[in-house]
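Have a look at the structure below, then the notes.
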Number of protein chains: 2
Amino acid sequence: MNSHEIPSPSGPAAPTGEDTGSVRDTVVEAADRLFYERGIQQVGMDELRAAAGVSLKRLYAEFEGKDAIVLAVLRRRHAMWVRGIDDAVDRHHDGREKLLGIFDFLATWFATDDFRGCAFINAFGELGGTSERVAQAAREHKQSFQVYVDGLVADLGAPETLARQLVLLAEGAQTTSAITGDPTAAHHAREAAEVLISAATAPA
Amino acid sequence: MNSHEIPSPSGPAAPTGEDTGSVRDTVVEAADRLFYERGIQQVGMDELRAAAGVSLKRLYAEFEGKDAIVLAVLRRRHAMWVRGIDDAVDRHHDGREKLLGIFDFLATWFATDDFRGCAFINAFGELGGTSERVAQAAREHKQSFQVYVDGLVADLGAPETLARQLVLLAEGAQTTSAITGDPTAAHHAREAAEVLISAATAPA
DNA sequence: AACTCTAGGGAACGATCGTTCTCCGGTCAA
DNA sequence: TTGACCGGAGAACGATCGTTCCCTAGAGTT
């Protein structure tokens, strides 16, 4: 049974005294990939352990349980989302172009070959009915995006209603593209956004 | 343990020789309620059996397995969706009002106290990664809605792009209202739809 | 060399799942 | 009354899950 003695062939190959932060990251990254690809409940802890190249003991030393890993994954997803949106928005200086940058980000995201929708929407559908923690994480994520768009719209001097409308377009594009597999939903959302922005910023 | 002998207090109270079609309906209705409320994998066959007031033997005589029940539930959801949309649209004769009727239907749906989003989106997030049948059911449902809106938009003489945009708004309203719990998403979607329809039907 | 400590591999555990099987009471024909 | 049949209740089964525990190999210290 002990024929192979290589400790961790796919791991980061650190000797022994690994700092604990990197173990967490490794686990959360592997969990994110597996959960997103197949659904949370379809991934067992043993498979996650194997994918992350950690022992079960280490896994449970680092995380209180599977729930804690799920929440850590959602936190990571939120950070990635914020960074991606920020990058696409900050690329522009014009307020209108900033708003449209959101849909450019969506377009590049949808074109990813492993795209399977918004992880928060998926997690909410799967666990939101039984896990208040997951439902709240999804709520906070969506609300923070709404607040972000509210700010961009306010900078434009447009009414807050526009922000609500643009968020609906972004959400709809995510689910539509995820289910149909058609990445052009981002483009249609962007075109709609252009019309809505123009209508909301037109002089009275 | 046998203190209560009432066989099925909440069931339809049919004597014994129930016709088999109604058993199917009873099971699918109970499954729909439970699956929608808590997620599919969170509902066991035994709980479903109890909720439907049927025996396990009857359950497996009527359905090949849990997968078959899930697909039957999605078929039922699709029929309910089509009927609800049709009712709200057929209430009007003007093409523009017909399109806006979609969002009126959404508004009444979102106000339902057990509303928890689109069952197809939820099922796709939970099982779409592993069950091709579920993923396909979601795809077909969304596509049939797109085709339906395409028809209404074509009747208006507006470009097909408008139909894509309106579908995105409807999808976004569903997920947003589900997660945030705010039913006004339907109203914001409707207002955006009014702007988009006006822009798409304005004379050149 | 002997001892201590750590951590990894993986068996073990209890719970739960979807599914099947067994028993048994009731019903109807003869 | 007897016997055949049907369906319900729920035990049983095998698989899988999240989680814990045990055993041991190896590193470090004296």
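By order in the structure tokens, chains are A, B, ...; within a chain, residues start at 1; ligands start at 1, following the order shown.
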Surrounding residues of D:DA9 excluding itself and chain neighbours under 2 positions, 12 Å, only C-alpha atoms (C1' of nucleotides), as a VMD selection string
(chain B and resid 2 7 46 49 to 50 53 to 58) or (chain C and resid 22 to 25) or (chain D and resid 7 11)
Taking only C-alpha atoms (C1' of nucleotides) into account and nothing else, which residues of chain C lie no more than 10 Å away from chain A? Please answer as a ChimeraX atom specification. /C:7-10
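Computed from the coordinates, the atom CA of A:Leu168 to atom CA of A:Ala193 distance equals 10.2 Å.
RMSD of chain A versus chain B, all Cα atoms, in-order pairing, least-squares fit: 0.8 Å.
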Check which residues of chain A sit at most 9 Å from chain D using only C-alpha atoms (C1' of nucleotides), and return one row each with the closest pair of atoms and their distance in Å to one decimal, ordered by chain and rising number, as JSON lines.
```
{"residue": "A:Gly44", "atom": "CA", "partner": "D:DC17", "partner_atom": "C1'", "distance": 7.0}
{"residue": "A:Met45", "atom": "CA", "partner": "D:DG18", "partner_atom": "C1'", "distance": 7.1}
{"residue": "A:Tyr60", "atom": "CA", "partner": "D:DT19", "partner_atom": "C1'", "distance": 8.6}
{"residue": "A:Gly65", "atom": "CA", "partner": "D:DG18", "partner_atom": "C1'", "distance": 8.1}
{"residue": "A:Lys66", "atom": "CA", "partner": "D:DG18", "partner_atom": "C1'", "distance": 7.7}
```
Near stretch 94-96 of chain A, counting only C-alpha atoms (C1' of nucleotides), which residues have an atom at most 8 Å away, once you skip same-chain residues fewer than 2 positions from it, shown as a ChimeraX atom specification? /A:92,98-100,152-153,155-156,197
Store the residues picked out above, limited to C-alpha atoms, as a compact mmCIF listing (two decimals), in the first residue's frame.
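Okay, this is what ended up in result.txt:
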```
# COMPACT_ATOMS: atom_id res chain seq x y z
CA HIS A 92 -12.96 54.66 -18.77
CA LYS A 98 -18.00 53.44 -17.06
CA LEU A 99 -21.50 52.02 -16.82
CA LEU A 100 -21.16 50.27 -20.15
CA LEU A 152 -21.91 55.35 -10.94
CA VAL A 153 -25.40 56.47 -11.90
CA ASP A 155 -22.06 60.47 -10.73
CA LEU A 156 -23.84 60.73 -14.06
CA ILE A 197 -28.81 55.53 -20.19
```
Pairwise distance, atom CA of B:Gly39 with atom CA of B:Gly129, equals 15.1 Å
key: chain A contacts on chain B, only C-alpha atoms, 8 Å, as number ranges by chain   = B: 37-40, 121-130, 135, 138-139, 142-143, 161, 164-165, 167-173, 175-176, 179-180, 185, 188-189, 192, 195-196, 199
inquiry  = Quick one: residues within 9 Å of B:Ala31, only C-alpha atoms (C1' of nucleotides), excluding same-chain residues fewer than 4 positions away - as JSON, numbers by chain?
reply    = {"B": [26, 27, 35, 36, 40, 43, 48, 51, 52, 69, 70, 73]}
The distance between atom CA of A:Glu62 and atom CA of A:Arg24 is 6.7 Å
query: Hey, what does DSSP flag as helix (DSSP H, G or I) within stretch 28-185 of chain B? Can you give it to me as number ranges by chain?
result: B: 28-38, 45-52, 56-62, 66-90, 95-110, 119-127, 132-156, 160-180, 185
